[in-house]
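To start, the structure under review is shown below, and the notes come after it.
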Amino acid sequence: MTTTRRPAVRRALRRLPLHTAATVTVALCLFPVYWMVTTAFKPSRDIQSYDPRLVPDTWTLDHFRRAVDADGFALFWRNSALVTLGAVLLALVVALGAAYAVARLRWRGRRQFMLAVFIAQMAPWESLVIPVYIISRDTGMLDRLPTLTLVYFMITLPFTVVVLRGFIAGIPPELEEAAQVDGCTRTGAFRRVAFPLLAPGLMATSLFGFITAWNEFTYANFLIIKQQDSRTLPVWLSSFQSTFGTDWGATMAAATLFALPALIVFLVLQRHVTSGLASGAVKG
């Protein structure tokens, strides 16, 4: 019994530094989120106390009431949802066609096209704020939600093309060829055979696009200037500042409410994102 336990103990000791590093990393990443949530439930007198506590002594929902009752909460929530969902759906449709063309078809300039996509993916989008602003101003597209939708579509498209191209390339083309032998067209074979196997890739890119567009602040702040009703939730979070300072309780409550949709989307999609293409093919 003792000899059989020694290898397990040794393996556990060897993995101890890795587990410790992972635990510290997770704690460092989650602590700001924990502090935001607990601050949203703290009474105002305890938020800026000289004796901060990890666990509040008393809990209150007053900050959430002020956040929900603030002007424009429902309107800006709707704006963020429309812009985010529109950008994600548009990116998926366009990227799916582009990724299929790169992965399955042979045409001149295919490699140059993927190189351009990689370069666009590596470019810092913050550096394009001024050009995008000038183009939007000159074309009369400032202060409009469709402009934000197109910008977020532009930001998420390169990543979506790269990821979906990898997923499509990982599907054996013989599956589609077999369907074509049975009478399916190329489009029908892709829709009936390959498309169901793309669920992990579609979920992963949808999650990335949703989080990117939902959290984006810079373009929303620069492109929506005059029409306050067209602003999104990230810009709305700055409304809890006044001449007397920042209402930290309401700000943290609003930030908690703002983070909930992204958290829910992640929890819903993460099981599908981590599933493999091989298991999907076996399940048929």
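Going by the structure tokens order, chains are called A, B, ..., each with residues numbered from 1, while ligands are numbered from 1 in the order shown.
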Residues within 12 Å of Pro173 of chain A, only C-alpha atoms, excluding chain neighbours under 2 positions, as a PyMOL selection string: chain A and resi 100+103-105+167-171+175-180+186+189-190+193-194
Write the residues of the selection above to a file with C-alpha atoms, as a PDB file, in the first residue's frame.
ATOM      1  CA  TYR A 100     -15.164  28.491 -46.521  1.00  0.00           C
ATOM      2  CA  ALA A 103     -10.386  26.575 -46.636  1.00  0.00           C
ATOM      3  CA  ARG A 104     -12.119  24.699 -49.453  1.00  0.00           C
ATOM      4  CA  LEU A 105     -11.564  26.566 -52.716  1.00  0.00           C
ATOM      5  CA  PHE A 167     -12.473  24.777 -38.037  1.00  0.00           C
ATOM      6  CA  ILE A 168     -13.558  24.293 -41.654  1.00  0.00           C
ATOM      7  CA  ALA A 169     -10.076  23.083 -42.630  1.00  0.00           C
ATOM      8  CA  GLY A 170     -10.258  20.536 -39.807  1.00  0.00           C
ATOM      9  CA  ILE A 171     -13.386  18.921 -41.244  1.00  0.00           C
ATOM     10  CA  LEU A 175     -17.605  14.046 -45.794  1.00  0.00           C
ATOM     11  CA  GLU A 176     -18.918  16.726 -48.142  1.00  0.00           C
ATOM     12  CA  GLU A 177     -17.786  14.790 -51.211  1.00  0.00           C
ATOM     13  CA  ALA A 178     -19.747  11.763 -50.001  1.00  0.00           C
ATOM     14  CA  ALA A 179     -22.838  13.918 -49.622  1.00  0.00           C
ATOM     15  CA  GLN A 180     -22.366  15.282 -53.137  1.00  0.00           C
ATOM     16  CA  ARG A 186     -21.931  21.887 -52.781  1.00  0.00           C
ATOM     17  CA  ALA A 189     -23.410  19.318 -48.560  1.00  0.00           C
ATOM     18  CA  PHE A 190     -21.902  22.146 -46.550  1.00  0.00           C
ATOM     19  CA  VAL A 193     -22.657  17.934 -43.207  1.00  0.00           C
ATOM     20  CA  ALA A 194     -20.053  20.580 -42.410  1.00  0.00           C
TER      21      ALA A 194
END
Tell me which protein, DNA and RNA residues are within 6 Å of Ala40 of chain A, counting only C-alpha atoms, leaving out same-chain ones fewer than 4 positions away, and put them as a ChimeraX atom specification. /A:249,252-253
Just write the chosen residues, all heavy atoms, as an mmCIF file, in the first residue's frame.
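Now in selection_32.cif:
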data_model
loop_
_atom_site.group_PDB
_atom_site.id
_atom_site.type_symbol
_atom_site.label_atom_id
_atom_site.label_comp_id
_atom_site.auth_asym_id
_atom_site.auth_seq_id
_atom_site.Cartn_x
_atom_site.Cartn_y
_atom_site.Cartn_z
ATOM 1 N N GLY A 249 -20.911 53.586 -5.243
ATOM 2 C CA GLY A 249 -21.880 52.518 -5.039
ATOM 3 C C GLY A 249 -22.732 52.272 -6.273
ATOM 4 O O GLY A 249 -22.873 51.134 -6.742
ATOM 5 N N MET A 252 -20.536 50.890 -9.202
ATOM 6 C CA MET A 252 -20.235 49.469 -9.090
ATOM 7 C C MET A 252 -21.483 48.619 -9.323
ATOM 8 O O MET A 252 -21.413 47.534 -9.910
ATOM 9 C CB MET A 252 -19.642 49.163 -7.711
ATOM 10 C CG MET A 252 -18.293 49.785 -7.494
ATOM 11 S SD MET A 252 -17.099 49.263 -8.745
ATOM 12 C CE MET A 252 -15.731 50.355 -8.390
ATOM 13 N N ALA A 253 -22.636 49.092 -8.885
ATOM 14 C CA ALA A 253 -23.872 48.361 -9.147
ATOM 15 C C ALA A 253 -24.180 48.340 -10.641
ATOM 16 O O ALA A 253 -24.562 47.299 -11.199
ATOM 17 C CB ALA A 253 -25.024 48.993 -8.378
#
Got a sec: who's within 8 Å of segment 48-63 of chain A, counting only C-alpha atoms, leaving out chain neighbours fewer than 3 positions off, as a ChimeraX atom specification? /A:35,38,40-45,66-67,249-250,253
Resulting file, chosen residues, N, CA and C atoms, as an mmCIF file, in the first residue's frame:
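Writing done, so here's part-v8.cif:
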data_model
loop_
_atom_site.group_PDB
_atom_site.id
_atom_site.type_symbol
_atom_site.label_atom_id
_atom_site.label_comp_id
_atom_site.auth_asym_id
_atom_site.auth_seq_id
_atom_site.Cartn_x
_atom_site.Cartn_y
_atom_site.Cartn_z
ATOM 1 N N TRP A 35 -14.423 42.494 -5.644
ATOM 2 C CA TRP A 35 -14.492 43.790 -4.960
ATOM 3 C C TRP A 35 -15.571 44.676 -5.589
ATOM 4 N N THR A 38 -19.024 43.217 -4.302
ATOM 5 C CA THR A 38 -19.268 43.501 -2.880
ATOM 6 C C THR A 38 -19.453 44.994 -2.636
ATOM 7 N N ALA A 40 -20.854 47.020 -4.658
ATOM 8 C CA ALA A 40 -22.213 47.354 -5.092
ATOM 9 C C ALA A 40 -23.243 47.082 -4.006
ATOM 10 N N PHE A 41 -22.942 46.167 -3.083
ATOM 11 C CA PHE A 41 -23.884 45.826 -2.011
ATOM 12 C C PHE A 41 -23.568 46.541 -0.691
ATOM 13 N N LYS A 42 -22.457 47.261 -0.632
ATOM 14 C CA LYS A 42 -22.104 47.937 0.615
ATOM 15 C C LYS A 42 -22.892 49.233 0.783
ATOM 16 N N PRO A 43 -23.225 49.612 2.014
ATOM 17 C CA PRO A 43 -23.789 50.944 2.245
ATOM 18 C C PRO A 43 -22.765 52.019 1.901
ATOM 19 N N SER A 44 -23.228 53.204 1.574
ATOM 20 C CA SER A 44 -22.333 54.278 1.139
ATOM 21 C C SER A 44 -21.288 54.611 2.193
ATOM 22 N N ARG A 45 -21.658 54.525 3.471
ATOM 23 C CA ARG A 45 -20.709 54.881 4.531
ATOM 24 C C ARG A 45 -19.540 53.899 4.629
ATOM 25 N N ARG A 66 -30.684 52.836 -7.605
ATOM 26 C CA ARG A 66 -30.288 54.087 -8.241
ATOM 27 C C ARG A 66 -29.782 53.836 -9.658
ATOM 28 N N ALA A 67 -29.097 52.740 -9.865
ATOM 29 C CA ALA A 67 -28.592 52.433 -11.205
ATOM 30 C C ALA A 67 -29.733 52.132 -12.172
ATOM 31 N N GLY A 249 -20.911 53.586 -5.243
ATOM 32 C CA GLY A 249 -21.880 52.518 -5.039
ATOM 33 C C GLY A 249 -22.732 52.272 -6.273
ATOM 34 N N ALA A 250 -23.300 53.351 -6.835
ATOM 35 C CA ALA A 250 -24.119 53.218 -8.037
ATOM 36 C C ALA A 250 -23.278 52.795 -9.234
ATOM 37 N N ALA A 253 -22.636 49.092 -8.885
ATOM 38 C CA ALA A 253 -23.872 48.361 -9.147
ATOM 39 C C ALA A 253 -24.180 48.340 -10.641
#
I'd like the contact shell of Pro131 of chain A - 12 Å cut-off, only C-alpha atoms, skipping same-chain residues fewer than 6 positions apart - returned as an MDAnalysis selection string. chainID A and resid 125 137:138 151 219 222:223
Taking the backbone alone, and naming residues the way the document does, which bits of segment 28-259 of chain A are helix (DSSP H, G or I) by DSSP, as a PyMOL selection string? chain A and resi 28-41+44-47+62-69+73-104+110-122+125-138+145-169+173-181+186-197+199-215+218-223+228-230+233-240+248-259
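Atom CA of Ala98 of chain A sits 14.3 Å away from atom CA of Leu198 of chain A.
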Could you work out how far atom CA of Thr39 of chain A lies from atom CA of Ala27 of chain A, giving the answer in Å with one decimal? 17.5 Å
Using only C-alpha atoms, find the one residue out of A:Leu142, A:Leu257, A:Met114, A:Ala199 that sits nearest to Ala99 of chain A. A:Met114
Distance query Gly97 of chain A at most 12 Å, only C-alpha atoms, self and fewer than 2 positions along chain excluded, as a PyMOL selection string: chain A and resi 90-95+99-105+157+160-162+164-165+168+187+190-191+195
Please, could you write that set of residues out with N, CA and C atoms as a PDB file, in the first residue's frame?
ATOM      1  N   LEU A  90     -23.633  39.775 -38.237  1.00  0.00           N
ATOM      2  CA  LEU A  90     -23.055  40.188 -39.521  1.00  0.00           C
ATOM      3  C   LEU A  90     -21.666  39.590 -39.708  1.00  0.00           C
ATOM      4  N   ALA A  91     -20.859  39.582 -38.640  1.00  0.00           N
ATOM      5  CA  ALA A  91     -19.515  39.015 -38.733  1.00  0.00           C
ATOM      6  C   ALA A  91     -19.568  37.513 -39.002  1.00  0.00           C
ATOM      7  N   LEU A  92     -20.504  36.812 -38.374  1.00  0.00           N
ATOM      8  CA  LEU A  92     -20.610  35.373 -38.600  1.00  0.00           C
ATOM      9  C   LEU A  92     -20.992  35.056 -40.041  1.00  0.00           C
ATOM     10  N   VAL A  93     -21.942  35.785 -40.592  1.00  0.00           N
ATOM     11  CA  VAL A  93     -22.396  35.518 -41.957  1.00  0.00           C
ATOM     12  C   VAL A  93     -21.275  35.775 -42.957  1.00  0.00           C
ATOM     13  N   VAL A  94     -20.632  36.935 -42.843  1.00  0.00           N
ATOM     14  CA  VAL A  94     -19.574  37.286 -43.799  1.00  0.00           C
ATOM     15  C   VAL A  94     -18.361  36.381 -43.617  1.00  0.00           C
ATOM     16  N   ALA A  95     -17.958  36.153 -42.367  1.00  0.00           N
ATOM     17  CA  ALA A  95     -16.759  35.348 -42.109  1.00  0.00           C
ATOM     18  C   ALA A  95     -16.960  33.899 -42.512  1.00  0.00           C
ATOM     19  N   ALA A  99     -14.302  32.255 -44.836  1.00  0.00           N
ATOM     20  CA  ALA A  99     -13.530  31.132 -44.316  1.00  0.00           C
ATOM     21  C   ALA A  99     -13.714  29.888 -45.178  1.00  0.00           C
ATOM     22  N   TYR A 100     -14.923  29.649 -45.663  1.00  0.00           N
ATOM     23  CA  TYR A 100     -15.164  28.491 -46.521  1.00  0.00           C
ATOM     24  C   TYR A 100     -14.396  28.638 -47.841  1.00  0.00           C
ATOM     25  N   ALA A 101     -14.394  29.834 -48.398  1.00  0.00           N
ATOM     26  CA  ALA A 101     -13.679  30.055 -49.657  1.00  0.00           C
ATOM     27  C   ALA A 101     -12.182  29.833 -49.489  1.00  0.00           C
ATOM     28  N   VAL A 102     -11.628  30.242 -48.357  1.00  0.00           N
ATOM     29  CA  VAL A 102     -10.191  30.080 -48.127  1.00  0.00           C
ATOM     30  C   VAL A 102      -9.851  28.618 -47.831  1.00  0.00           C
ATOM     31  N   ALA A 103     -10.696  27.937 -47.072  1.00  0.00           N
ATOM     32  CA  ALA A 103     -10.386  26.575 -46.636  1.00  0.00           C
ATOM     33  C   ALA A 103     -10.682  25.526 -47.706  1.00  0.00           C
ATOM     34  N   ARG A 104     -11.684  25.736 -48.533  1.00  0.00           N
ATOM     35  CA  ARG A 104     -12.119  24.699 -49.453  1.00  0.00           C
ATOM     36  C   ARG A 104     -11.789  24.985 -50.917  1.00  0.00           C
ATOM     37  N   LEU A 105     -11.750  26.235 -51.308  1.00  0.00           N
ATOM     38  CA  LEU A 105     -11.564  26.566 -52.716  1.00  0.00           C
ATOM     39  C   LEU A 105     -10.117  26.962 -52.991  1.00  0.00           C
ATOM     40  N   LEU A 157     -14.415  40.909 -37.322  1.00  0.00           N
ATOM     41  CA  LEU A 157     -14.388  40.095 -38.546  1.00  0.00           C
ATOM     42  C   LEU A 157     -13.069  39.334 -38.737  1.00  0.00           C
ATOM     43  N   THR A 160     -12.862  36.289 -36.514  1.00  0.00           N
ATOM     44  CA  THR A 160     -13.877  35.311 -36.885  1.00  0.00           C
ATOM     45  C   THR A 160     -13.466  34.533 -38.129  1.00  0.00           C
ATOM     46  N   VAL A 161     -12.892  35.209 -39.114  1.00  0.00           N
ATOM     47  CA  VAL A 161     -12.440  34.530 -40.332  1.00  0.00           C
ATOM     48  C   VAL A 161     -11.336  33.530 -40.009  1.00  0.00           C
ATOM     49  N   VAL A 162     -10.366  33.947 -39.186  1.00  0.00           N
ATOM     50  CA  VAL A 162      -9.233  33.076 -38.859  1.00  0.00           C
ATOM     51  C   VAL A 162      -9.713  31.819 -38.131  1.00  0.00           C
ATOM     52  N   LEU A 164     -12.843  30.446 -37.915  1.00  0.00           N
ATOM     53  CA  LEU A 164     -13.720  29.589 -38.708  1.00  0.00           C
ATOM     54  C   LEU A 164     -12.956  28.892 -39.830  1.00  0.00           C
ATOM     55  N   ARG A 165     -11.953  29.553 -40.374  1.00  0.00           N
ATOM     56  CA  ARG A 165     -11.141  28.896 -41.405  1.00  0.00           C
ATOM     57  C   ARG A 165     -10.439  27.672 -40.839  1.00  0.00           C
ATOM     58  N   ILE A 168     -13.123  24.888 -40.383  1.00  0.00           N
ATOM     59  CA  ILE A 168     -13.558  24.293 -41.654  1.00  0.00           C
ATOM     60  C   ILE A 168     -12.444  23.418 -42.237  1.00  0.00           C
ATOM     61  N   THR A 187     -23.460  23.524 -51.860  1.00  0.00           N
ATOM     62  CA  THR A 187     -24.074  24.277 -50.767  1.00  0.00           C
ATOM     63  C   THR A 187     -24.845  23.358 -49.837  1.00  0.00           C
ATOM     64  N   PHE A 190     -22.454  21.343 -47.644  1.00  0.00           N
ATOM     65  CA  PHE A 190     -21.902  22.146 -46.550  1.00  0.00           C
ATOM     66  C   PHE A 190     -22.950  22.383 -45.465  1.00  0.00           C
ATOM     67  N   ARG A 191     -24.176  22.679 -45.876  1.00  0.00           N
ATOM     68  CA  ARG A 191     -25.215  22.983 -44.890  1.00  0.00           C
ATOM     69  C   ARG A 191     -25.590  21.759 -44.073  1.00  0.00           C
ATOM     70  N   PHE A 195     -21.691  22.229 -41.722  1.00  0.00           N
ATOM     71  CA  PHE A 195     -22.183  23.297 -40.855  1.00  0.00           C
ATOM     72  C   PHE A 195     -22.506  22.815 -39.432  1.00  0.00           C
TER      73      PHE A 195
END
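For the residues A:Lys226, A:Leu145, A:Val117, A:Ala123, ranking by smallest atom-to-atom distance to Phe76 of chain A using only C-alpha atoms places A:Leu145 first.
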Could you tell me how far atom CA of Gly166 of chain A lies from atom CA of Leu202 of chain A, in Å and to one decimal? 11.5 Å
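Distance annotation: of A:Ala12, A:Ala81, A:Leu260, A:Val68, the residue with the minimal separation from Leu148 of chain A is A:Ala81; atom set is only C-alpha atoms.
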Taking 6 positions as the minimum chain separation for residues in the same chain, which residues sit within 10 Å of Val265 of chain A when counting only C-alpha atoms? Answer as a list in words. Met203, Ser206, Leu207, Phe210 and Ile211 of chain A
Selection from above, all heavy atoms, as a compact mmCIF listing (two decimals), in the first residue's frame, can you write it?
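Just written: selection_32.txt:
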# COMPACT_ATOMS: atom_id res chain seq x y z
N MET A 203 -19.67 29.09 -31.84
CA MET A 203 -19.85 29.51 -30.46
C MET A 203 -18.66 30.33 -29.96
O MET A 203 -18.82 31.35 -29.29
CB MET A 203 -20.06 28.30 -29.55
CG MET A 203 -21.30 27.48 -29.86
SD MET A 203 -22.82 28.43 -29.66
CE MET A 203 -24.04 27.21 -30.16
N SER A 206 -18.68 33.73 -31.66
CA SER A 206 -19.81 34.51 -31.15
C SER A 206 -19.49 35.07 -29.77
O SER A 206 -19.79 36.23 -29.46
CB SER A 206 -21.07 33.66 -31.10
OG SER A 206 -21.45 33.22 -32.37
N LEU A 207 -18.88 34.24 -28.93
CA LEU A 207 -18.52 34.68 -27.58
C LEU A 207 -17.50 35.81 -27.64
O LEU A 207 -17.64 36.82 -26.94
CB LEU A 207 -17.96 33.50 -26.78
CG LEU A 207 -17.53 33.79 -25.35
CD1 LEU A 207 -18.71 34.26 -24.52
CD2 LEU A 207 -16.91 32.55 -24.72
N PHE A 210 -19.22 38.97 -29.03
CA PHE A 210 -20.17 39.57 -28.08
C PHE A 210 -19.42 40.33 -27.00
O PHE A 210 -19.78 41.48 -26.68
CB PHE A 210 -21.03 38.47 -27.45
CG PHE A 210 -22.07 38.99 -26.51
CD1 PHE A 210 -23.34 39.30 -26.99
CD2 PHE A 210 -21.81 39.18 -25.17
CE1 PHE A 210 -24.32 39.79 -26.14
CE2 PHE A 210 -22.77 39.67 -24.31
CZ PHE A 210 -24.03 39.98 -24.80
N ILE A 211 -18.40 39.72 -26.40
CA ILE A 211 -17.67 40.38 -25.32
C ILE A 211 -16.96 41.62 -25.84
O ILE A 211 -16.94 42.67 -25.17
CB ILE A 211 -16.68 39.40 -24.67
CG1 ILE A 211 -17.45 38.28 -23.97
CG2 ILE A 211 -15.76 40.11 -23.69
CD1 ILE A 211 -16.57 37.22 -23.37
Tell me, which residues of segment 48-274 of chain A carry DSSP strand (DSSP E or B), written as a ChimeraX atom specification? /A:241-242,245-246
